[in-house]
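Chemist: Just one file: target.cif, with mmCIF, C-alpha atoms.
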data_data
#
loop_
_atom_site.label_atom_id
_atom_site.label_comp_id
_atom_site.auth_asym_id
_atom_site.auth_seq_id
_atom_site.Cartn_x
_atom_site.Cartn_y
_atom_site.Cartn_z
CA MET E 70 0.00 0.00 0.00
CA THR E 71 1.30 3.47 -0.84
CA GLN E 72 1.37 6.18 1.79
CA GLU E 73 -1.08 8.23 -0.29
CA THR E 74 -3.62 5.37 -0.32
CA PHE E 75 -3.13 4.82 3.40
CA ASN E 76 -3.70 8.52 4.12
CA ILE E 77 -6.90 8.52 2.05
CA LEU E 78 -8.22 5.54 4.01
CA ILE E 79 -7.42 7.23 7.33
CA ALA E 80 -9.06 10.48 6.19
CA ALA E 81 -12.22 8.54 5.29
CA TRP E 82 -12.10 6.87 8.72
CA VAL E 83 -11.92 10.28 10.40
CA ALA E 84 -14.84 11.53 8.31
CA LEU E 85 -16.91 8.57 9.54
CA ALA E 86 -16.11 9.48 13.16
CA LEU E 87 -17.27 13.05 12.60
CA LEU E 88 -20.43 11.78 10.92
CA LEU E 89 -21.33 9.39 13.73
CA ALA E 90 -20.60 11.77 16.63
CA PRO E 91 -23.83 13.81 16.38
CA ILE E 92 -25.84 10.63 15.77
CA GLN E 93 -24.57 9.23 19.07
CA LEU E 94 -25.96 12.29 20.83
CA VAL E 95 -29.42 11.03 19.85
CA VAL E 96 -28.98 7.25 19.60
CA VAL E 97 -27.37 6.19 22.87
CA PRO E 98 -25.67 2.75 22.78
CA ALA E 99 -27.80 0.42 24.88
CA TYR E 100 -25.49 -0.95 27.55
CA GLY E 101 -24.72 -0.23 31.16
CA ARG E 102 -27.13 2.27 32.61
CA HIS E 103 -28.66 2.82 29.15
CA ARG E 104 -29.40 -0.87 28.57
CA ARG E 105 -32.55 -1.68 26.59
CA ALA E 106 -34.01 -4.98 25.46
CA ASP E 107 -34.35 -4.03 21.78
CA TRP E 108 -30.66 -4.28 20.83
CA GLY E 109 -30.65 -8.01 20.16
CA PRO E 110 -28.71 -10.91 21.71
CA GLU E 111 -26.45 -10.27 24.70
CA ILE E 112 -23.43 -11.84 26.35
CA GLY E 113 -21.85 -11.37 29.77
CA ASN E 114 -20.57 -7.87 30.41
CA ARG E 115 -17.12 -9.01 31.54
CA LEU E 116 -16.63 -11.35 28.56
CA GLY E 117 -17.80 -8.67 26.16
CA TRP E 118 -15.27 -6.16 27.51
CA VAL E 119 -12.39 -8.61 27.28
CA ILE E 120 -13.24 -9.61 23.71
CA MET E 121 -13.63 -6.14 22.26
CA GLU E 122 -10.75 -4.48 24.11
CA LEU E 123 -8.25 -7.30 23.53
CA VAL E 124 -8.65 -6.79 19.78
CA SER E 125 -6.80 -3.47 19.93
CA PRO E 126 -3.37 -4.60 21.20
CA ILE E 127 -3.51 -7.64 18.92
CA ALA E 128 -4.30 -5.52 15.85
CA PHE E 129 -1.68 -2.95 16.87
CA LEU E 130 1.14 -5.40 17.57
CA ALA E 131 0.50 -7.76 14.63
CA PRO E 132 2.14 -5.54 11.96
CA LEU E 133 4.98 -4.69 14.37
CA ALA E 134 5.62 -8.10 15.91
CA ALA E 135 8.45 -9.41 13.74
CA GLY E 136 10.37 -6.14 13.85
CA LEU E 137 9.90 -5.71 17.58
CA LEU E 138 11.32 -9.16 18.27
CA ALA E 139 14.23 -8.56 15.90
CA GLY E 140 15.10 -5.17 17.38
CA ALA E 141 14.48 -3.54 14.01
CA TYR E 142 12.90 -0.31 15.21
CA SER E 143 14.14 2.87 16.80
CA VAL E 144 13.59 3.46 20.51
CA PRO E 145 10.58 5.81 20.07
CA ILE E 146 8.61 3.08 18.33
CA TYR E 147 9.25 0.73 21.26
CA VAL E 148 8.02 3.48 23.57
CA PHE E 149 4.84 3.93 21.52
CA ALA E 150 4.26 0.16 21.52
CA PHE E 151 4.74 0.06 25.30
CA LEU E 152 2.28 2.92 25.92
CA TRP E 153 -0.37 1.36 23.70
CA SER E 154 0.09 -2.10 25.22
CA ALA E 155 0.08 -0.81 28.81
CA HIS E 156 -3.21 0.99 28.28
CA TYR E 157 -4.87 -2.05 26.77
CA VAL E 158 -3.57 -4.50 29.35
CA ASN E 159 -5.51 -2.37 31.79
CA ARG E 160 -8.59 -2.02 29.57
CA SER E 161 -8.79 -5.60 28.29
CA LEU E 162 -7.72 -7.54 31.40
CA VAL E 163 -7.32 -5.55 34.62
CA TYR E 164 -10.48 -3.43 34.29
CA PRO E 165 -12.99 -6.09 33.17
CA LEU E 166 -11.68 -8.64 35.65
CA THR E 167 -12.08 -6.24 38.58
CA ILE E 168 -15.41 -4.57 37.78
CA ARG E 169 -18.28 -5.78 39.95
CA THR E 170 -20.78 -6.03 37.09
CA SER E 171 -20.32 -9.64 36.06
CA VAL E 172 -24.05 -10.27 36.46
CA ARG E 173 -24.82 -7.70 33.77
CA THR E 174 -24.95 -8.28 30.05
CA ILE E 175 -23.96 -6.31 26.96
CA PRO E 176 -25.51 -6.51 23.47
CA VAL E 177 -23.50 -8.47 20.93
CA ALA E 178 -24.02 -5.52 18.55
CA ILE E 179 -22.10 -3.26 20.93
CA VAL E 180 -19.29 -5.79 21.22
CA ALA E 181 -19.14 -6.09 17.42
CA SER E 182 -18.93 -2.32 16.99
CA GLY E 183 -16.19 -2.20 19.63
CA ILE E 184 -14.26 -4.89 17.77
CA LEU E 185 -14.46 -2.87 14.53
CA PHE E 186 -13.41 0.34 16.30
CA ASN E 187 -10.45 -1.29 18.00
CA ALA E 188 -9.39 -3.37 15.00
CA VAL E 189 -9.20 -0.41 12.62
CA ASN E 190 -7.56 1.98 15.06
CA GLY E 191 -5.14 -0.64 16.35
CA TRP E 192 -4.17 -1.86 12.88
CA SER E 193 -3.76 1.61 11.37
CA ASN E 194 -1.43 2.76 14.15
CA GLY E 195 0.60 -0.44 14.16
CA TYR E 196 0.81 -0.53 10.36
CA TYR E 197 2.08 3.03 10.20
CA LEU E 198 4.75 2.48 12.85
CA ALA E 199 5.92 -0.68 11.06
CA SER E 200 6.19 1.14 7.73
CA PRO E 201 9.15 3.07 6.28
CA TRP E 202 7.12 6.26 6.73
CA ALA E 203 7.63 6.15 10.51
CA ASP E 204 10.95 7.94 10.54
CA TYR E 205 11.63 8.38 14.25
CA GLY E 206 15.23 8.76 15.30
CA ALA E 207 16.35 8.50 18.91
CA GLU E 208 16.38 12.31 19.04
CA TRP E 209 12.56 12.25 18.82
CA LEU E 210 12.52 11.40 22.53
CA LEU E 211 13.74 14.96 23.23
CA ASP E 212 11.34 16.65 20.80
CA PRO E 213 8.91 19.03 22.59
CA ARG E 214 5.97 17.32 20.85
CA PHE E 215 6.97 13.95 22.25
CA LEU E 216 7.63 15.30 25.74
CA ALA E 217 4.36 17.24 25.88
CA GLY E 218 2.44 14.32 24.40
CA LEU E 219 3.92 11.84 26.87
CA ALA E 220 3.01 14.13 29.77
CA LEU E 221 -0.59 14.38 28.49
CA PHE E 222 -0.78 10.63 27.97
CA LEU E 223 0.34 9.94 31.54
CA LEU E 224 -1.99 12.62 32.94
CA GLY E 225 -4.94 11.19 31.03
CA ALA E 226 -4.11 7.64 32.12
CA ALA E 227 -3.94 8.74 35.77
CA ILE E 228 -7.31 10.51 35.51
CA ASN E 229 -8.90 7.54 33.78
CA ILE E 230 -7.61 4.95 36.26
CA ASP E 231 -8.47 7.08 39.29
CA ALA E 232 -12.03 7.61 38.04
CA ASP E 233 -12.50 3.90 37.27
CA ARG E 234 -11.33 2.95 40.76
CA ARG E 235 -13.66 5.45 42.38
CA LEU E 236 -16.58 4.01 40.41
CA MET E 237 -15.62 0.49 41.46
CA ARG E 238 -15.47 1.47 45.13
CA LEU E 239 -19.00 2.88 44.92
CA ARG E 240 -20.30 -0.65 44.54
CA ASN E 241 -18.86 -1.84 47.86
CA GLY E 242 -21.79 -2.86 50.00
CA ALA E 243 -24.29 -2.07 47.26
CA LYS E 244 -26.29 -4.33 45.01
CA HIS E 245 -24.76 -4.90 41.59
CA THR E 246 -27.73 -3.18 39.97
CA ASP E 247 -27.52 -0.06 42.12
CA TYR E 248 -26.16 3.29 40.95
CA VAL E 249 -25.09 6.08 43.27
CA ILE E 250 -23.66 9.55 42.72
CA PRO E 251 -19.86 9.38 42.23
CA GLN E 252 -17.80 11.62 44.49
CA GLY E 253 -14.20 12.76 44.86
CA GLY E 254 -11.39 13.41 42.41
CA LEU E 255 -12.52 15.03 39.18
CA PHE E 256 -16.06 13.84 39.91
CA ARG E 257 -16.29 17.10 41.85
CA TRP E 258 -16.52 18.90 38.52
CA VAL E 259 -17.60 16.43 35.83
CA SER E 260 -19.82 13.38 35.55
CA CYS E 261 -17.37 11.36 33.44
CA PRO E 262 -13.72 12.01 34.32
CA ASN E 263 -12.94 8.48 33.11
CA HIS E 264 -13.95 9.52 29.58
CA LEU E 265 -12.17 12.87 29.91
CA GLY E 266 -9.00 11.05 30.99
CA GLU E 267 -9.10 8.72 28.01
CA ILE E 268 -9.61 11.61 25.58
CA ILE E 269 -6.62 13.43 27.12
CA GLU E 270 -4.60 10.21 27.01
CA TRP E 271 -5.02 9.56 23.29
CA SER E 272 -4.69 13.24 22.43
CA GLY E 273 -1.32 13.05 24.16
CA PHE E 274 -0.44 9.90 22.22
CA ALA E 275 -1.30 11.67 18.96
CA LEU E 276 0.92 14.60 19.91
CA ALA E 277 3.78 12.31 20.93
CA CYS E 278 3.57 10.30 17.70
CA TRP E 279 2.75 13.25 15.43
CA ASN E 280 1.26 11.12 12.69
CA LEU E 281 -2.09 10.78 10.93
CA PRO E 282 -3.40 7.46 12.33
CA ALA E 283 -2.63 8.51 15.91
CA ALA E 284 -4.50 11.77 15.31
CA ALA E 285 -7.39 9.79 13.78
CA PHE E 286 -7.58 7.63 16.89
CA ALA E 287 -7.70 10.74 19.08
CA VAL E 288 -10.57 12.10 16.96
CA TRP E 289 -12.43 8.78 17.19
CA THR E 290 -11.93 8.65 20.95
CA ALA E 291 -13.41 12.12 21.41
CA ALA E 292 -16.22 11.47 18.91
CA ASN E 293 -17.13 8.26 20.73
CA LEU E 294 -16.67 9.20 24.39
CA GLY E 295 -17.87 12.80 24.20
CA PRO E 296 -21.50 11.89 23.34
CA ARG E 297 -21.37 8.99 25.78
CA ALA E 298 -20.29 11.33 28.59
CA TRP E 299 -23.12 13.70 27.77
CA ALA E 300 -25.63 10.80 27.80
CA HIS E 301 -24.33 9.70 31.22
CA HIS E 302 -24.60 13.27 32.50
CA ARG E 303 -28.21 13.58 31.39
CA TRP E 304 -29.00 10.17 32.93
CA TYR E 305 -27.51 11.18 36.30
CA ARG E 306 -29.56 14.38 36.33
CA ARG E 307 -32.77 12.48 35.58
CA LYS E 308 -32.15 9.74 38.14
CA PHE E 309 -30.89 11.81 41.07
CA PRO E 310 -32.88 14.94 42.08
CA ASP E 311 -29.96 15.97 44.34
CA TYR E 312 -27.32 15.64 41.65
CA PRO E 313 -24.76 18.49 42.01
CA PRO E 314 -26.11 21.30 39.78
CA SER E 315 -22.67 22.78 39.08
CA ARG E 316 -21.19 19.50 37.83
CA LYS E 317 -20.58 19.42 34.07
CA GLY E 318 -20.63 16.40 31.78
CA LEU E 319 -17.09 16.21 30.47
CA ILE E 320 -15.11 19.45 30.66
CA PRO E 321 -14.92 21.21 34.06
CA PHE E 322 -16.82 24.52 34.20
CA VAL E 323 -17.53 24.37 30.42
CA LEU E 324 -19.53 21.40 29.09
#
Would you kindly transcribe this structure into structure tokens?

Modeler:
Amino acid sequence: MTQETFNILIAAWVALALLLAPIQLVVVPAYGRHRRADWGPEIGNRLGWVIMELVSPIAFLAPLAAGLLAGAYSVPIYVFAFLWSAHYVNRSLVYPLTIRTSVRTIPVAIVASGILFNAVNGWSNGYYLASPWADYGAEWLLDPRFLAGLALFLLGAAINIDADRRLMRLRNGAKHTDYVIPQGGLFRWVSCPNHLGEIIEWSGFALACWNLPAAAFAVWTAANLGPRAWAHHRWYRRKFPDYPPSRKGLIPFVL
């Protein structure tokens, strides 16, 4: 595949993200607190998470695998591979195996869409880094874009993990089907700091990599999680009359 063809495919993928974002503001994916019975067959929530999230590191590492084992790449590419893999070890194994929602189910349609999302984004980023177009010398590790991007990635990961752990602790002593108002951390200001953290994380990755597929993944992350955060925020306000009125959906003091 030529770089021009690859870039056209990635541009079309970004256009699809921008097209679907406003649709997701109206059509809320039916899982978790938004679960409905009209989305078809379902499987266990924990199994669904593992399946769809594990696709990403596999798709990402597959084009890179031979070169990584042979030591064929520059150090920055190993760093990018480590960051991607570390995130998805948490998302595909640590997170689903520790959430206390194993009695819940998730529509197969949602799992299938997650597989597509993760397969395309994982493959496109891995393919680019394995290609001759990924010209990263060791000096890239001192580039301001890499340093700023790495800092954002780590900040976003910390926010995401902290928010997930706070949500998990809310279930202690509660029924698996119960929801309560999250408190502490960035929950003081937004309803979905876990989504905010992930958007910051992949925006940082895009800055650190400074390439088209990484930027496309950042756009897809925002286009996917932004509407979801807003749907969660509206749900919290409907369910809890005492929900903090000053709390925003995704961006503190703004939105």

Chemist: Give me, please, the distance in Å between CA of Val83 (chain E) and CA of Phe186 (chain E), quoted to one decimal.

Modeler: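 Between CA of Val83 (chain E) and CA of Phe186 (chain E) the gap is 11.7 Å.
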
Chemist: At what distance in Å, to one decimal, does CA of Ala84 (chain E) lie from CA of Pro262 (chain E)?

Modeler: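 Answer for the CA of Pro262 (chain E) to CA of Ala84 (chain E) separation: 26.0 Å.
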
Chemist: Under the PyMOL selection byres ((chain E and resi 120) around 12), which residues of this model are included? Write them out as an MDAnalysis selection string.

Modeler: chainID E and resid 112:119 121:127 157 160:162 165 175 177 179:185 187:188

Chemist: Could you dump the residues just selected with C-alpha atoms as a PDB file, keeping the file's coordinate frame?

Modeler:
ATOM      1  CA  ILE E 112     -23.430 -11.840  26.350  1.00  0.00           C
ATOM      2  CA  GLY E 113     -21.850 -11.370  29.770  1.00  0.00           C
ATOM      3  CA  ASN E 114     -20.570  -7.870  30.410  1.00  0.00           C
ATOM      4  CA  ARG E 115     -17.120  -9.010  31.540  1.00  0.00           C
ATOM      5  CA  LEU E 116     -16.630 -11.350  28.560  1.00  0.00           C
ATOM      6  CA  GLY E 117     -17.800  -8.670  26.160  1.00  0.00           C
ATOM      7  CA  TRP E 118     -15.270  -6.160  27.510  1.00  0.00           C
ATOM      8  CA  VAL E 119     -12.390  -8.610  27.280  1.00  0.00           C
ATOM      9  CA  MET E 121     -13.630  -6.140  22.260  1.00  0.00           C
ATOM     10  CA  GLU E 122     -10.750  -4.480  24.110  1.00  0.00           C
ATOM     11  CA  LEU E 123      -8.250  -7.300  23.530  1.00  0.00           C
ATOM     12  CA  VAL E 124      -8.650  -6.790  19.780  1.00  0.00           C
ATOM     13  CA  SER E 125      -6.800  -3.470  19.930  1.00  0.00           C
ATOM     14  CA  PRO E 126      -3.370  -4.600  21.200  1.00  0.00           C
ATOM     15  CA  ILE E 127      -3.510  -7.640  18.920  1.00  0.00           C
ATOM     16  CA  TYR E 157      -4.870  -2.050  26.770  1.00  0.00           C
ATOM     17  CA  ARG E 160      -8.590  -2.020  29.570  1.00  0.00           C
ATOM     18  CA  SER E 161      -8.790  -5.600  28.290  1.00  0.00           C
ATOM     19  CA  LEU E 162      -7.720  -7.540  31.400  1.00  0.00           C
ATOM     20  CA  PRO E 165     -12.990  -6.090  33.170  1.00  0.00           C
ATOM     21  CA  ILE E 175     -23.960  -6.310  26.960  1.00  0.00           C
ATOM     22  CA  VAL E 177     -23.500  -8.470  20.930  1.00  0.00           C
ATOM     23  CA  ILE E 179     -22.100  -3.260  20.930  1.00  0.00           C
ATOM     24  CA  VAL E 180     -19.290  -5.790  21.220  1.00  0.00           C
ATOM     25  CA  ALA E 181     -19.140  -6.090  17.420  1.00  0.00           C
ATOM     26  CA  SER E 182     -18.930  -2.320  16.990  1.00  0.00           C
ATOM     27  CA  GLY E 183     -16.190  -2.200  19.630  1.00  0.00           C
ATOM     28  CA  ILE E 184     -14.260  -4.890  17.770  1.00  0.00           C
ATOM     29  CA  LEU E 185     -14.460  -2.870  14.530  1.00  0.00           C
ATOM     30  CA  ASN E 187     -10.450  -1.290  18.000  1.00  0.00           C
ATOM     31  CA  ALA E 188      -9.390  -3.370  15.000  1.00  0.00           C
TER      32      ALA E 188
END

Chemist: Please produce, as JSON lines, a per-residue contact table for region 84-176 of chain E versus region 272-284 of chain E (criterion: any atom at most 10 Å away, all atoms listed in the file considered), showing the nearest atom pair and its distance in Å to one decimal, sorted by chain then residue number.

Modeler:
{"residue": "E:Pro145", "atom": "CA", "partner": "E:Cys278", "partner_atom": "CA", "distance": 8.7}
{"residue": "E:Ile146", "atom": "CA", "partner": "E:Cys278", "partner_atom": "CA", "distance": 8.8}
{"residue": "E:Phe149", "atom": "CA", "partner": "E:Cys278", "partner_atom": "CA", "distance": 7.5}
{"residue": "E:Leu152", "atom": "CA", "partner": "E:Phe274", "partner_atom": "CA", "distance": 8.4}
{"residue": "E:Trp153", "atom": "CA", "partner": "E:Phe274", "partner_atom": "CA", "distance": 8.7}

Chemist: Between E:Val148, E:Ala155, E:Ala141, E:Met237, which is the closest to Phe215 (chain E) once you count all atoms listed in the file?

Modeler: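 For Phe215 (chain E), the nearest of the given residues is E:Val148.
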
Chemist: If we count all atoms listed in the file and set the cut-off at 8 Å, which residues sit around region 246-250 of chain E, ignoring sequence neighbours fewer than 4 positions away in its own chain? Please answer as a list in words.

Modeler: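 So, after excluding close chain neighbours, the residues are Leu239, Arg240, Tyr305, Phe309 and Tyr312 of chain E.
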
Chemist: Using CA of Gly254 (chain E) and CA of Leu219 (chain E) as the two end points, give the distance in Å to one decimal.

Modeler: 21.9 Å

Chemist: Which residue, E:Ala217, E:Ala298, E:Leu223, E:Val189, has the smallest gap to Leu78 (chain E) when you use all atoms listed in the file?

Modeler: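 Among the listed residues, E:Val189 lies closest to Leu78 (chain E).
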
Chemist: As a check of understanding, name the residues that the PyMOL selection byres ((chain E and resi 293-296) around 10) selects in the supplied structure, as a PDB file with C-alpha atoms, in the frame of the given file.

Modeler:
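Resulting contents of result_14.pdb:
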ATOM      1  CA  ALA E  86     -16.110   9.480  13.160  1.00  0.00           C
ATOM      2  CA  LEU E  87     -17.270  13.050  12.600  1.00  0.00           C
ATOM      3  CA  LEU E  89     -21.330   9.390  13.730  1.00  0.00           C
ATOM      4  CA  ALA E  90     -20.600  11.770  16.630  1.00  0.00           C
ATOM      5  CA  PRO E  91     -23.830  13.810  16.380  1.00  0.00           C
ATOM      6  CA  ILE E  92     -25.840  10.630  15.770  1.00  0.00           C
ATOM      7  CA  GLN E  93     -24.570   9.230  19.070  1.00  0.00           C
ATOM      8  CA  LEU E  94     -25.960  12.290  20.830  1.00  0.00           C
ATOM      9  CA  VAL E  95     -29.420  11.030  19.850  1.00  0.00           C
ATOM     10  CA  VAL E  96     -28.980   7.250  19.600  1.00  0.00           C
ATOM     11  CA  VAL E  97     -27.370   6.190  22.870  1.00  0.00           C
ATOM     12  CA  PHE E 186     -13.410   0.340  16.300  1.00  0.00           C
ATOM     13  CA  CYS E 261     -17.370  11.360  33.440  1.00  0.00           C
ATOM     14  CA  ASN E 263     -12.940   8.480  33.110  1.00  0.00           C
ATOM     15  CA  HIS E 264     -13.950   9.520  29.580  1.00  0.00           C
ATOM     16  CA  LEU E 265     -12.170  12.870  29.910  1.00  0.00           C
ATOM     17  CA  GLU E 267      -9.100   8.720  28.010  1.00  0.00           C
ATOM     18  CA  ILE E 268      -9.610  11.610  25.580  1.00  0.00           C
ATOM     19  CA  ALA E 287      -7.700  10.740  19.080  1.00  0.00           C
ATOM     20  CA  VAL E 288     -10.570  12.100  16.960  1.00  0.00           C
ATOM     21  CA  TRP E 289     -12.430   8.780  17.190  1.00  0.00           C
ATOM     22  CA  THR E 290     -11.930   8.650  20.950  1.00  0.00           C
ATOM     23  CA  ALA E 291     -13.410  12.120  21.410  1.00  0.00           C
ATOM     24  CA  ALA E 292     -16.220  11.470  18.910  1.00  0.00           C
ATOM     25  CA  ARG E 297     -21.370   8.990  25.780  1.00  0.00           C
ATOM     26  CA  ALA E 298     -20.290  11.330  28.590  1.00  0.00           C
ATOM     27  CA  TRP E 299     -23.120  13.700  27.770  1.00  0.00           C
ATOM     28  CA  ALA E 300     -25.630  10.800  27.800  1.00  0.00           C
ATOM     29  CA  HIS E 301     -24.330   9.700  31.220  1.00  0.00           C
ATOM     30  CA  HIS E 302     -24.600  13.270  32.500  1.00  0.00           C
ATOM     31  CA  GLY E 318     -20.630  16.400  31.780  1.00  0.00           C
ATOM     32  CA  LEU E 319     -17.090  16.210  30.470  1.00  0.00           C
ATOM     33  CA  ILE E 320     -15.110  19.450  30.660  1.00  0.00           C
TER      34      ILE E 320
END

Chemist: Which residue out of E:Leu236, E:Met70, E:Ala81, E:Ala150 has the minimum interatomic distance to Thr167 (chain E) when all atoms listed in the file are used?

Modeler: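 The shortest atom-to-atom distance to Thr167 (chain E) comes from E:Leu236.
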
Chemist: Rank nothing, just name the residue among E:Ala131, E:Leu138, E:Trp258, E:Arg235 nearest to Gly195 (chain E), using all atoms listed in the file.

Modeler: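 Answer, going by the shortest atom-to-atom distance: E:Ala131.
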
Chemist: Which residue gives the smallest distance to Ile269 (chain E) among E:Pro213, E:Pro251, E:Gly206, E:Gly225, with all atoms listed in the file counted?

Modeler: E:Gly225

Chemist: Could you give me the axis-aligned bounding box of region 289-295 of chain E, with 3 Å of padding per side, as centre plus edge lengths in Å to one decimal, as lines of an AutoDock Vina configuration file?

Modeler:
center_x = -14.9
center_y = 10.5
center_z = 20.8
size_x = 11.9
size_y = 10.5
size_z = 13.2

Chemist: E:Ala128, E:Val144, E:Leu324, E:Ala139: which is nearest Glu208 (chain E), counting all atoms listed in the file?

Modeler: E:Val144
